[in-house]
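Asks: To be precise about what I am sending: the file is called query_10.cif and holds mmCIF, C-alpha atoms.
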```
data_run
loop_
_atom_site.label_atom_id
_atom_site.label_comp_id
_atom_site.auth_asym_id
_atom_site.auth_seq_id
_atom_site.Cartn_x
_atom_site.Cartn_y
_atom_site.Cartn_z
CA MET A 1 0.00 0.00 0.00
CA LYS A 2 2.74 2.37 1.04
CA PHE A 3 4.84 1.30 -1.92
CA ALA A 4 1.98 1.82 -4.32
CA SER A 5 1.47 5.40 -3.20
CA LEU A 6 5.18 6.13 -3.58
CA LEU A 7 5.19 4.85 -7.13
CA LEU A 8 2.08 6.83 -7.94
CA GLY A 9 3.66 9.99 -6.52
CA ALA A 10 6.79 9.52 -8.62
CA ALA A 11 4.73 8.86 -11.74
CA LEU A 12 2.74 12.04 -11.33
CA VAL A 13 5.81 14.18 -10.82
CA THR A 14 7.44 12.94 -14.02
CA SER A 15 4.29 12.79 -16.14
CA VAL A 16 4.06 16.58 -16.30
CA ALA A 17 7.59 16.94 -17.67
CA GLY A 18 6.39 17.63 -21.20
CA ALA A 19 4.68 20.89 -20.30
CA ALA A 20 7.09 21.93 -17.57
CA GLN A 21 7.44 25.62 -16.85
CA LEU A 22 9.94 25.12 -14.10
CA ASP A 23 12.88 22.73 -13.90
CA ILE A 24 14.59 22.45 -10.57
CA THR A 25 17.79 20.59 -9.79
CA LEU A 26 18.00 20.30 -6.06
CA ASN A 27 21.12 18.96 -4.43
CA GLN A 28 20.71 17.13 -1.16
CA PRO A 29 24.23 16.98 0.22
CA GLN A 30 25.91 13.96 1.74
CA LEU A 31 26.56 14.89 5.36
CA ASP A 32 29.22 13.29 7.48
CA VAL A 33 27.05 12.79 10.53
CA GLN A 34 26.03 9.80 12.59
CA PRO A 35 23.16 9.04 12.64
CA TYR A 36 21.98 10.54 9.37
CA HIS A 37 18.23 10.95 9.12
CA ARG A 38 17.08 11.88 5.65
CA PRO A 39 15.64 15.39 5.70
CA TYR A 40 12.06 16.29 5.12
CA ILE A 41 11.96 18.53 2.04
CA ALA A 42 9.09 20.61 0.67
CA VAL A 43 8.97 22.64 -2.54
CA TRP A 44 6.00 24.88 -3.24
CA VAL A 45 4.87 28.04 -4.99
CA GLU A 46 3.14 31.06 -3.48
CA ASP A 47 1.72 34.10 -5.20
CA ALA A 48 3.34 37.48 -4.61
CA GLN A 49 1.19 37.96 -1.48
CA ARG A 50 2.51 34.68 -0.04
CA ASN A 51 -0.70 32.74 -0.56
CA PRO A 52 0.22 29.15 -1.46
CA VAL A 53 -0.87 28.21 -4.99
CA ALA A 54 0.85 24.89 -5.76
CA THR A 55 2.85 22.19 -4.03
CA ILE A 56 5.61 20.74 -6.19
CA ALA A 57 7.02 18.16 -3.79
CA LEU A 58 6.80 16.98 -0.22
CA TRP A 59 9.22 14.31 0.90
CA LYS A 60 8.59 12.98 4.35
CA GLN A 61 8.91 9.81 6.31
CA MET A 62 5.75 8.00 5.31
CA GLU A 63 5.60 5.65 8.31
CA GLU A 64 5.81 8.49 10.85
CA GLY A 65 2.48 10.00 9.89
CA ASP A 66 2.61 13.79 10.03
CA LYS A 67 4.09 14.05 13.50
CA TRP A 68 7.20 15.91 12.34
CA LEU A 69 5.64 17.83 9.48
CA LYS A 70 5.40 20.92 11.70
CA ASP A 71 9.21 21.13 11.63
CA LEU A 72 9.00 22.23 8.01
CA ARG A 73 7.84 25.42 9.67
CA GLN A 74 7.08 27.54 6.66
CA PHE A 75 5.53 24.64 4.75
CA TRP A 76 3.45 23.79 7.79
CA ARG A 77 2.00 27.28 8.20
CA LYS A 78 1.37 27.82 4.50
CA ILE A 79 0.17 24.42 3.34
CA GLY A 80 0.53 21.58 5.85
CA ARG A 81 -2.04 22.84 8.34
CA SER A 82 -4.85 22.94 5.85
CA ALA A 83 -3.69 20.40 3.27
CA GLY A 84 -5.89 17.54 2.14
CA LYS A 85 -5.69 14.93 -0.57
CA GLU A 86 -4.71 17.49 -3.21
CA ILE A 87 -1.05 17.15 -2.24
CA ASP A 88 -1.06 13.32 -2.15
CA GLY A 89 0.15 13.21 -5.76
CA VAL A 90 3.34 15.12 -4.95
CA THR A 91 3.96 13.52 -1.56
CA GLY A 92 6.61 10.85 -1.34
CA ALA A 93 9.26 9.31 0.86
CA THR A 94 12.44 11.08 1.92
CA ARG A 95 15.34 10.70 -0.54
CA ARG A 96 18.95 9.64 -0.40
CA PRO A 97 21.51 12.43 -0.84
CA GLY A 98 22.15 13.39 -4.45
CA ASP A 99 20.86 15.63 -7.24
CA HIS A 100 17.08 15.53 -7.51
CA GLN A 101 15.21 16.70 -10.58
CA LEU A 102 11.82 18.34 -10.18
CA GLN A 103 9.52 19.66 -12.84
CA TRP A 104 6.47 21.81 -12.44
CA ASP A 105 3.92 22.45 -15.16
CA GLY A 106 2.70 25.79 -13.86
CA LYS A 107 -0.60 24.32 -12.67
CA ASP A 108 -2.10 24.39 -9.22
CA ASN A 109 -2.76 21.13 -7.40
CA LEU A 110 -6.22 20.86 -8.95
CA GLY A 111 -4.70 21.01 -12.44
CA LYS A 112 -5.64 24.60 -13.27
CA PRO A 113 -2.91 26.60 -15.07
CA LEU A 114 -1.74 29.67 -13.17
CA PRO A 115 -1.59 33.03 -14.96
CA ALA A 116 1.81 34.41 -15.90
CA GLY A 117 3.32 36.82 -13.39
CA GLU A 118 5.26 37.07 -10.16
CA TYR A 119 5.42 34.13 -7.79
CA LEU A 120 7.56 32.97 -4.91
CA LEU A 121 9.28 29.60 -5.07
CA ASN A 122 9.81 28.09 -1.61
CA ILE A 123 12.22 25.28 -0.78
CA GLU A 124 12.52 24.08 2.81
CA ALA A 125 14.44 21.21 4.39
CA SER A 126 14.45 19.99 7.97
CA ARG A 127 16.44 17.07 9.34
CA GLU A 128 15.96 15.17 12.58
CA GLU A 129 19.02 15.77 14.81
CA GLY A 130 20.08 18.23 12.15
CA GLY A 131 19.25 21.69 10.92
CA ARG A 132 16.73 23.50 8.79
CA ASP A 133 17.24 25.51 5.62
CA TYR A 134 14.76 27.65 3.77
CA HIS A 135 14.85 29.50 0.46
CA ARG A 136 12.16 31.86 -0.78
CA VAL A 137 12.96 33.24 -4.21
CA ALA A 138 10.94 35.38 -6.64
CA ILE A 139 10.19 33.85 -10.06
CA THR A 140 8.28 35.20 -13.04
CA LEU A 141 6.07 32.66 -14.78
CA GLY A 142 6.00 33.27 -18.52
CA LYS A 143 9.46 34.78 -18.62
CA GLN A 144 12.55 32.68 -19.21
CA GLY A 145 15.22 32.83 -16.60
CA ASP A 146 17.86 30.90 -14.70
CA ILE A 147 18.32 31.18 -10.97
CA SER A 148 21.09 29.61 -8.91
CA LEU A 149 20.79 29.31 -5.17
CA PRO A 150 23.98 28.78 -3.19
CA ALA A 151 24.48 25.77 -0.98
CA LYS A 152 23.39 25.96 2.61
CA VAL A 153 23.80 23.06 5.04
CA GLU A 154 20.78 20.82 4.56
CA LEU A 155 20.30 21.96 0.98
CA GLY A 156 23.13 21.95 -1.54
CA PRO A 157 23.21 24.22 -4.59
CA ILE A 158 19.92 24.57 -6.43
CA GLN A 159 19.42 25.43 -10.10
CA ILE A 160 16.06 26.75 -11.25
CA LYS A 161 15.14 27.14 -14.90
CA VAL A 162 11.96 29.05 -15.69
CA LYS A 163 10.65 28.31 -19.19
CA MET B 1 6.31 48.86 13.74
CA ARG B 2 7.92 50.93 16.41
CA LYS B 3 10.51 49.63 18.73
CA TYR B 4 10.98 51.54 21.88
CA ALA B 5 14.23 51.92 23.66
CA MET B 6 14.47 50.52 27.13
CA SER B 7 12.29 52.41 29.50
CA PRO B 8 11.24 51.42 32.98
CA TRP B 9 8.26 49.15 32.88
CA VAL B 10 6.74 51.13 35.70
CA LYS B 11 6.03 53.86 33.17
CA ALA B 12 3.46 51.61 31.60
CA PHE B 13 1.01 52.21 34.36
CA SER B 14 -1.49 54.81 33.44
CA LEU B 15 -1.71 56.34 36.88
CA ALA B 16 1.30 58.07 38.30
CA GLY B 17 2.35 58.14 41.92
CA LEU B 18 4.25 56.37 44.60
CA MET B 19 1.62 53.78 45.13
CA LEU B 20 2.00 52.47 41.62
CA CYS B 21 5.75 52.48 41.69
CA SER B 22 5.75 50.40 44.84
CA GLN B 23 3.19 48.09 43.32
CA SER B 24 5.24 47.31 40.25
CA ALA B 25 8.43 46.98 42.21
CA LEU B 26 6.83 44.20 44.19
CA ALA B 27 5.32 42.39 41.23
CA HIS B 28 7.07 39.56 39.43
CA ALA B 29 6.42 38.19 36.00
CA ARG B 30 4.18 35.18 35.92
CA TRP B 31 4.45 32.79 33.04
CA LEU B 32 3.44 29.49 31.64
CA VAL B 33 5.64 27.80 29.04
CA PRO B 34 4.32 25.09 26.75
CA SER B 35 6.68 22.42 25.42
CA HIS B 36 5.07 22.83 21.96
CA THR B 37 3.04 25.60 20.38
CA ASN B 38 2.32 23.79 17.11
CA LEU B 39 1.52 20.12 16.70
CA SER B 40 0.98 18.08 13.56
CA GLY B 41 -0.30 14.61 12.81
CA GLN B 42 -3.28 12.38 13.34
CA GLU B 43 -2.46 10.76 16.68
CA ALA B 44 -3.59 12.37 19.95
CA HIS B 45 -1.04 14.83 21.26
CA ALA B 46 0.11 15.89 24.66
CA ILE B 47 2.16 18.88 25.67
CA ALA B 48 3.99 19.67 28.89
CA LEU B 49 3.55 22.98 30.69
CA ASP B 50 5.87 24.63 33.18
CA PHE B 51 4.76 27.66 35.12
CA SER B 52 6.39 29.81 37.72
CA ILE B 53 6.68 33.33 39.09
CA SER B 54 10.06 34.90 38.36
CA ASN B 55 11.92 37.92 37.12
CA ASP B 56 14.33 35.91 34.98
CA ILE B 57 11.97 35.12 32.16
CA PHE B 58 11.27 31.39 31.80
CA HIS B 59 13.81 30.58 34.49
CA ALA B 60 11.80 29.16 37.37
CA ASP B 61 11.83 30.87 40.75
CA ARG B 62 8.62 30.52 42.75
CA SER B 63 6.29 27.59 42.34
CA TYR B 64 2.55 27.87 42.02
CA GLY B 65 2.41 24.80 44.26
CA SER B 66 0.23 21.83 43.47
CA SER B 67 -3.39 21.80 42.38
CA GLU B 68 -4.04 19.53 45.39
CA ASP B 69 -2.75 22.04 47.94
CA LYS B 70 -5.10 24.06 50.03
CA GLY B 71 -4.69 27.74 49.26
CA ARG B 72 -2.74 29.79 51.76
CA GLY B 73 -4.68 32.18 53.96
CA GLY B 74 -8.00 31.11 52.48
CA ARG B 75 -6.92 32.11 48.98
CA ALA B 76 -7.78 29.66 46.28
CA ARG B 77 -5.07 27.94 44.21
CA PRO B 78 -5.13 28.93 40.56
CA GLN B 79 -6.88 26.49 38.29
CA LEU B 80 -5.17 25.36 35.10
CA ILE B 81 -7.83 25.33 32.37
CA ALA B 82 -7.61 24.44 28.67
CA VAL B 83 -10.26 25.96 26.43
CA ALA B 84 -10.59 23.74 23.34
CA PRO B 85 -11.08 25.01 19.77
CA ASP B 86 -14.83 24.33 20.03
CA GLY B 87 -15.00 26.63 23.08
CA SER B 88 -15.46 23.87 25.65
CA ARG B 89 -13.57 24.26 28.92
CA SER B 90 -11.60 21.44 30.47
CA ALA B 91 -12.01 20.38 34.07
CA PRO B 92 -9.21 21.86 36.21
CA ILE B 93 -6.00 20.11 35.12
CA ALA B 94 -3.84 18.58 37.85
CA TYR B 95 -0.47 20.21 38.34
CA PHE B 96 2.46 19.34 40.51
CA ASP B 97 4.76 21.28 42.76
CA LEU B 98 8.38 21.09 41.64
CA LEU B 99 9.35 23.60 44.38
CA ARG B 100 10.61 26.26 41.97
CA LYS B 101 7.90 25.74 39.41
CA SER B 102 4.70 23.83 38.82
CA ALA B 103 4.22 21.42 35.95
CA ALA B 104 1.36 19.73 34.15
CA GLY B 105 0.59 17.75 31.03
CA VAL B 106 -2.32 18.48 28.72
CA THR B 107 -3.73 16.29 25.95
CA LEU B 108 -5.04 18.05 22.85
CA ALA B 109 -7.74 15.93 21.25
CA GLN B 110 -9.27 18.49 18.89
CA SER B 111 -7.78 20.16 15.85
CA GLY B 112 -7.42 23.91 16.17
CA THR B 113 -6.22 26.43 18.72
CA TYR B 114 -6.32 25.84 22.46
CA ARG B 115 -6.17 28.62 25.02
CA ILE B 116 -4.42 27.29 28.11
CA GLY B 117 -4.16 29.43 31.19
CA LEU B 118 -4.16 29.83 34.93
CA GLU B 119 -7.37 31.15 36.35
CA GLN B 120 -7.48 32.69 39.75
CA PRO B 121 -10.06 34.78 41.57
CA ALA B 122 -9.06 38.42 41.87
CA THR B 123 -6.55 39.03 44.65
CA VAL B 124 -6.69 42.06 46.94
CA PHE B 125 -3.48 43.72 48.14
CA THR B 126 -3.01 46.74 50.34
CA PHE B 127 0.11 48.83 49.83
CA TYR B 128 1.49 51.01 52.59
CA LYS B 129 4.41 53.01 53.85
CA ASP B 130 5.53 52.08 57.36
CA ALA B 131 6.67 54.46 60.10
CA GLN B 132 10.26 54.34 58.74
CA GLY B 133 9.06 55.23 55.25
CA GLU B 134 9.63 51.71 53.85
CA ARG B 135 7.01 50.50 51.43
CA GLY B 136 5.34 47.16 51.75
CA ARG B 137 2.23 45.26 50.84
CA VAL B 138 -0.02 42.69 52.44
CA PHE B 139 -2.80 40.50 51.21
CA GLY B 140 -6.25 41.79 52.02
CA GLY B 141 -7.88 45.15 52.61
CA LYS B 142 -7.01 48.10 54.84
CA ASP B 143 -8.33 46.17 57.84
CA SER B 144 -5.58 43.55 57.45
CA LYS B 145 -3.89 42.81 60.80
CA GLU B 146 -0.54 42.46 59.01
CA ILE B 147 -0.33 46.16 58.27
CA PRO B 148 2.20 47.61 60.73
CA ALA B 149 0.99 50.15 63.24
CA GLY B 150 1.58 53.70 62.15
CA ALA B 151 1.60 52.83 58.45
CA THR B 152 0.48 55.57 56.10
CA ASP B 153 -0.34 55.94 52.38
CA LEU B 154 -2.64 52.93 52.42
CA SER B 155 -3.98 51.96 49.04
CA THR B 156 -5.91 48.83 48.13
CA THR B 157 -5.71 47.21 44.71
CA ARG B 158 -7.72 44.30 43.35
CA MET B 159 -5.68 42.36 40.80
CA HIS B 160 -7.15 40.37 37.95
CA ALA B 161 -4.35 38.47 36.26
CA ARG B 162 -4.51 36.47 33.06
CA VAL B 163 -1.58 34.07 32.60
CA GLU B 164 -1.90 32.08 29.41
CA THR B 165 -0.59 30.70 26.16
CA TYR B 166 -1.94 29.31 22.90
CA VAL B 167 -1.21 25.95 21.29
CA SER B 168 -2.49 24.83 17.89
CA ARG B 169 -2.90 21.26 16.77
CA ASN B 170 -3.03 20.80 12.97
CA GLN B 171 -5.04 23.92 12.22
CA THR B 172 -5.10 27.38 13.68
CA THR B 173 -8.54 28.64 14.62
CA GLU B 174 -9.71 32.11 15.46
CA LEU B 175 -9.18 33.30 19.01
CA LYS B 176 -12.45 33.92 20.78
CA ALA B 177 -12.29 36.79 23.23
CA THR B 178 -13.59 35.99 26.68
CA GLY B 179 -14.65 39.58 27.35
CA LEU B 180 -13.05 39.34 30.79
CA GLY B 181 -9.94 41.18 31.87
CA LEU B 182 -7.04 41.97 29.60
CA GLU B 183 -6.47 39.74 26.56
CA VAL B 184 -5.06 39.64 23.04
CA ALA B 185 -7.87 39.20 20.57
CA ASN B 186 -7.79 40.14 16.90
CA GLY B 187 -4.82 40.25 14.56
CA THR B 188 -1.92 37.93 13.84
CA HIS B 189 -2.45 34.38 15.01
CA PRO B 190 -0.12 33.77 17.99
CA ASN B 191 0.85 30.34 16.60
CA ASP B 192 1.96 31.79 13.27
CA LEU B 193 4.84 34.06 14.22
CA PHE B 194 8.14 34.33 12.37
CA THR B 195 11.11 36.68 12.65
CA GLY B 196 11.06 39.70 10.38
CA GLU B 197 7.28 39.78 9.98
CA THR B 198 5.00 42.40 11.45
CA VAL B 199 2.79 41.14 14.25
CA ARG B 200 -0.40 43.09 14.88
CA TRP B 201 -2.50 42.41 17.93
CA GLN B 202 -5.51 44.07 19.46
CA LEU B 203 -5.66 44.25 23.22
CA LEU B 204 -9.06 44.13 24.81
CA GLN B 205 -10.04 44.95 28.34
CA ASP B 206 -13.38 43.46 29.31
CA GLY B 207 -14.10 43.03 25.61
CA LYS B 208 -13.32 46.63 24.59
CA PRO B 209 -10.11 47.93 22.97
CA VAL B 210 -7.65 49.29 25.53
CA ALA B 211 -7.07 53.05 25.64
CA GLU B 212 -4.70 54.60 23.14
CA GLY B 213 -1.19 54.74 24.56
CA THR B 214 -1.55 51.67 26.77
CA GLU B 215 1.96 50.28 27.09
CA VAL B 216 2.83 46.70 26.35
CA MET B 217 6.17 45.06 27.10
CA LEU B 218 7.50 42.08 25.19
CA ILE B 219 10.58 40.17 26.19
CA ARG B 220 12.37 37.13 24.80
CA GLY B 221 13.01 34.38 27.32
CA GLU B 222 16.38 33.16 28.59
CA THR B 223 17.20 36.59 29.95
CA ARG B 224 19.79 34.88 32.16
CA TYR B 225 22.01 34.28 29.17
CA ARG B 226 22.39 37.85 28.04
CA ASN B 227 23.47 40.99 29.82
CA GLN B 228 20.64 43.19 28.63
CA ARG B 229 17.04 42.11 28.99
CA GLY B 230 16.17 43.65 25.64
CA GLU B 231 12.62 44.62 26.56
CA ILE B 232 10.51 45.83 23.66
CA HIS B 233 7.99 48.52 24.58
CA VAL B 234 5.11 49.41 22.31
CA LYS B 235 1.97 51.46 22.75
CA ALA B 236 -1.56 50.68 21.65
CA ASP B 237 -3.04 52.82 18.88
CA ALA B 238 -6.49 54.42 18.90
CA ASN B 239 -8.10 51.01 18.24
CA GLY B 240 -6.10 49.18 20.87
CA PHE B 241 -3.71 47.56 18.35
CA ILE B 242 0.00 47.13 18.85
CA GLU B 243 2.50 46.40 16.09
CA VAL B 244 5.87 44.82 16.59
CA SER B 245 8.35 42.64 14.74
CA PHE B 246 10.96 40.31 16.17
CA ASP B 247 14.57 39.96 15.08
CA GLU B 248 15.20 36.83 17.07
CA ALA B 249 13.33 33.57 17.36
CA GLY B 250 12.40 32.18 20.74
CA MET B 251 9.75 32.01 23.41
CA TYR B 252 8.54 35.48 24.37
CA LEU B 253 6.44 36.89 27.17
CA LEU B 254 4.01 39.75 26.63
CA GLU B 255 3.17 41.78 29.72
CA ALA B 256 0.56 44.48 30.03
CA GLY B 257 -1.32 46.02 32.91
CA VAL B 258 -4.11 48.56 33.13
CA ASN B 259 -5.23 50.30 36.31
CA THR B 260 -8.66 51.84 36.68
CA PRO B 261 -10.22 53.51 39.71
CA SER B 262 -12.53 51.13 41.53
CA THR B 263 -16.20 51.70 42.23
CA THR B 264 -16.18 49.06 44.97
CA ASP B 265 -16.12 50.15 48.63
CA GLY B 266 -12.77 49.48 50.24
CA ILE B 267 -10.95 49.08 46.89
CA ASP B 268 -9.08 52.01 45.35
CA THR B 269 -7.76 50.49 42.14
CA GLU B 270 -8.70 47.63 39.84
CA ARG B 271 -5.66 46.25 38.07
CA ALA B 272 -6.04 43.96 35.06
CA SER B 273 -2.85 42.31 33.87
CA LEU B 274 -1.90 39.95 31.09
CA PHE B 275 1.05 37.56 30.82
CA LEU B 276 0.95 35.86 27.44
CA THR B 277 3.63 33.41 26.31
CA PHE B 278 4.16 32.93 22.58
CA GLU B 279 6.76 31.45 20.24
CA VAL B 280 8.54 33.18 17.38
CA ASN B 281 10.00 30.88 14.72
CA PRO B 282 13.11 31.57 12.67
CA ALA B 283 12.03 32.62 9.18
#
```
Could you write out this file's structure as structure tokens?
Replies:
Amino acid sequence: MKFASLLLGAALVTSVAGAAQLDITLNQPQLDVQPYHRPYIAVWVEDAQRNPVATIALWKQMEEGDKWLKDLRQFWRKIGRSAGKEIDGVTGATRRPGDHQLQWDGKDNLGKPLPAGEYLLNIEASREEGGRDYHRVAITLGKQGDISLPAKVELGPIQIKVK
Amino acid sequence: MRKYAMSPWVKAFSLAGLMLCSQSALAHARWLVPSHTNLSGQEAHAIALDFSISNDIFHADRSYGSSEDKGRGGRARPQLIAVAPDGSRSAPIAYFDLLRKSAAGVTLAQSGTYRIGLEQPATVFTFYKDAQGERGRVFGGKDSKEIPAGATDLSTTRMHARVETYVSRNQTTELKATGLGLEVANGTHPNDLFTGETVRWQLLQDGKPVAEGTEVMLIRGETRYRNQRGEIHVKADANGFIEVSFDEAGMYLLEAGVNTPSTTDGIDTERASLFLTFEVNPA
């Protein structure tokens, strides 16, 4: 059951690649710590007034329920508190360190395309017995651009391509 | 979003005079610290609460005792009450005397915002100046036998204190004003606070906005580990709102007090005070 939902989540993320408006390469660094708990990571989009409009990814420990979801503090306040099934499709298990590719098709979680304009891309990571990192960066949908975010601790360098 | 430089907290009191200075000098901060202010997940949740009376914020000094103790001098022990998101009030929650602080555990079964606080009947104090000019205070009215002979400048104050905090499980829900005493009502949700963002709160006294200029003091906890307390002083606007932003994350205490002349025989002043604990997250 758990496995099935993971596969479904992965399938949905990749199936929108054709129409992607946003390509993100997110590095999750290898950390020399013992024990290493894989971080919770959330990626989402808000409008210019900071209202959440789309969730791109939520990686969490599936067997823990949502007990630690509050530690993604910005994700929790903006989406987690009121989220329902609409984010199931982008929710999956925590990942191993490495470069992770994410695509977003510019649609909200109900499949409705968002109008071109200014948005805020949010990327947050929180690790048990570790730290928390958070990026909030302005993007313009409908206008090509490349954004590079420098490495922090829990999040390595991030490349964002707006198409 | 004004930040006031350090100024003596005693200035916050709307009435001037020696009586008030002595009153504040003898008052200590009261606080209640929750282990968690936000909870997520489907399983039932519990939080721990510590509460004490101290000047070093969130560093325990004087215990509230145990909920099982008989009150001293006929005064009732405070009751620890949790008001659930649906407005229902818990039975008094048992708490334990850890000599420097009291402690309790509370289970949050509903989703939404809980108001958890200590409730105590109003307490009457009489302030005086003894024959040597030293100020003091005793519990009770001007007929109290503890007032030294020859004391002058007697003034009796009835204190209504609200000591509380908010904890949200899964969702945040609107705060419902009680209409009693001093409280934070409308504005920013107290479980949604981050550094660098403007917090706007309305203060109500008995359900009505406090007077313009009412002073409010906010202080980050762990004052023991820094040389300056770093008090933030703000004043209420014409609608009773304060605005403030925080540079540092942590547990904070909001203190406010309003004195009004009493219409009750034997009481000179009614004092409503608020001690609200809240958490500011790093952005």
Asks: How far is it from atom CA of Gln205 of chain B to atom CA of Val184 of chain B, in Å with one decimal?
Replies: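 We find that atom CA of Gln205 of chain B and atom CA of Val184 of chain B lie 9.0 Å from each other.
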Asks: Using all atoms listed in the file for the distances, tell me which of B:Gln171, B:Thr178, B:Thr263, B:Thr123 is nearest to chain A.
Replies: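 So, comparing all the options, the nearest one is B:Gln171.
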Asks: For each of B:Ala29, B:Leu49, B:Met159, B:Met251, take the minimum atom-to-atom distance to Asp61 of chain B, counting only C-alpha atoms, then give the residue where this is smallest.
Replies: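 Looking at the shortest contact to Asp61 of chain B, the residue is B:Ala29.
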Asks: Could you please determine the separation between atom CA of Thr269 of chain B and atom CA of Glu119 of chain B in Å, to one decimal place?
Replies: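 Here the two named atoms are 20.2 Å from each other.
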Asks: For the file shown, report as a list in words the outcome of the PyMOL selection byres ((chain A) within 6 of (chain B)) at residue level.
Replies: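 Selection result, ordered by chain and number: Asp66, Lys67, Lys70 and Arg81 of chain A.
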Asks: Residues picked by the PyMOL selection byres ((chain A and resi 152) around 10) here, as a ChimeraX atom specification?
Replies: /A:28-29,132-135,149-151,153-158
Asks: Please evaluate the PyMOL selection byres ((chain B and resi 51) around 12) against the displayed coordinates and give the resulting residues as a PyMOL selection string.
Replies: chain B and resi 29-35+48-50+52-54+57-66+78+80+95-105+116-118+163-165+275-277
Asks: Which is closer to Leu26 of chain A than all the others in A:Ala93, A:Met62, A:Val43, A:Ile139, using all atoms listed in the file?
Replies: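 With all atoms listed in the file as the atom set, the closest residue is A:Val43.
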Asks: Show me, as a ChimeraX atom specification, the residues that have an atom within 8 Å of Leu72 of chain A when counting all atoms listed in the file, minus same-chain residues fewer than 4 positions from it.
Replies: /A:40-42,68,76,124-126,132
Asks: Give me the residues near Glu128 of chain A as a list in words, where near means some atom within 10 Å (using all atoms listed in the file) and where sequence neighbours in that chain fewer than 6 positions away do not count.
Replies: Pro35, Tyr36, His37, Arg38, Pro39, Tyr40, Trp68 and Asp71 of chain A
Asks: Could you give me, as a PDB file with C-alpha atoms, in the frame of the given file, the residues within 9 Å of Ser90 of chain B, counting all atoms listed in the file and dropping anything in the same chain fewer than 4 positions from it?
Replies:
```pdb
ATOM      1  CA  LEU B  80      -5.170  25.360  35.100  1.00  0.00           C
ATOM      2  CA  ILE B  81      -7.830  25.330  32.370  1.00  0.00           C
ATOM      3  CA  ALA B  82      -7.610  24.440  28.670  1.00  0.00           C
ATOM      4  CA  VAL B  83     -10.260  25.960  26.430  1.00  0.00           C
ATOM      5  CA  ALA B  84     -10.590  23.740  23.340  1.00  0.00           C
TER       6      ALA B  84
END
```
Asks: Would you compute the distance between atom CA of Gln74 of chain A and atom CA of Glu129 of chain A? Give it in Å to one decimal.
Replies: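 It comes out at 18.6 Å.
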Asks: Can segment 245-256 of chain B be brought up to N, CA and C atoms and written out as a PDB file, in the frame of the given file?
Replies:
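Writing done, so here's result-v6.pdb:
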```pdb
ATOM      1  N   SER B 245       7.750  43.756  15.460  1.00  0.00           N
ATOM      2  CA  SER B 245       8.350  42.640  14.740  1.00  0.00           C
ATOM      3  C   SER B 245       9.551  42.165  15.544  1.00  0.00           C
ATOM      4  N   PHE B 246       9.912  40.919  15.349  1.00  0.00           N
ATOM      5  CA  PHE B 246      10.960  40.310  16.170  1.00  0.00           C
ATOM      6  C   PHE B 246      12.159  39.950  15.317  1.00  0.00           C
ATOM      7  N   ASP B 247      13.342  40.307  15.793  1.00  0.00           N
ATOM      8  CA  ASP B 247      14.570  39.960  15.080  1.00  0.00           C
ATOM      9  C   ASP B 247      15.054  38.565  15.438  1.00  0.00           C
ATOM     10  N   GLU B 248      14.673  38.115  16.614  1.00  0.00           N
ATOM     11  CA  GLU B 248      15.200  36.830  17.070  1.00  0.00           C
ATOM     12  C   GLU B 248      14.076  35.866  17.404  1.00  0.00           C
ATOM     13  N   ALA B 249      14.308  34.612  17.049  1.00  0.00           N
ATOM     14  CA  ALA B 249      13.330  33.570  17.360  1.00  0.00           C
ATOM     15  C   ALA B 249      13.439  33.184  18.830  1.00  0.00           C
ATOM     16  N   GLY B 250      12.373  32.647  19.363  1.00  0.00           N
ATOM     17  CA  GLY B 250      12.400  32.180  20.740  1.00  0.00           C
ATOM     18  C   GLY B 250      11.021  32.247  21.364  1.00  0.00           C
ATOM     19  N   MET B 251      10.973  31.861  22.626  1.00  0.00           N
ATOM     20  CA  MET B 251       9.750  32.010  23.410  1.00  0.00           C
ATOM     21  C   MET B 251       9.766  33.424  23.999  1.00  0.00           C
ATOM     22  N   TYR B 252       8.658  34.113  23.872  1.00  0.00           N
ATOM     23  CA  TYR B 252       8.540  35.480  24.370  1.00  0.00           C
ATOM     24  C   TYR B 252       7.403  35.565  25.390  1.00  0.00           C
ATOM     25  N   LEU B 253       7.518  36.573  26.240  1.00  0.00           N
ATOM     26  CA  LEU B 253       6.440  36.890  27.170  1.00  0.00           C
ATOM     27  C   LEU B 253       5.937  38.296  26.879  1.00  0.00           C
ATOM     28  N   LEU B 254       4.640  38.435  26.762  1.00  0.00           N
ATOM     29  CA  LEU B 254       4.010  39.750  26.630  1.00  0.00           C
ATOM     30  C   LEU B 254       3.416  40.102  27.984  1.00  0.00           C
ATOM     31  N   GLU B 255       3.737  41.312  28.452  1.00  0.00           N
ATOM     32  CA  GLU B 255       3.170  41.780  29.720  1.00  0.00           C
ATOM     33  C   GLU B 255       2.448  43.093  29.504  1.00  0.00           C
ATOM     34  N   ALA B 256       1.274  43.201  30.064  1.00  0.00           N
ATOM     35  CA  ALA B 256       0.560  44.480  30.030  1.00  0.00           C
ATOM     36  C   ALA B 256      -0.268  44.581  31.301  1.00  0.00           C
TER      37      ALA B 256
END
```
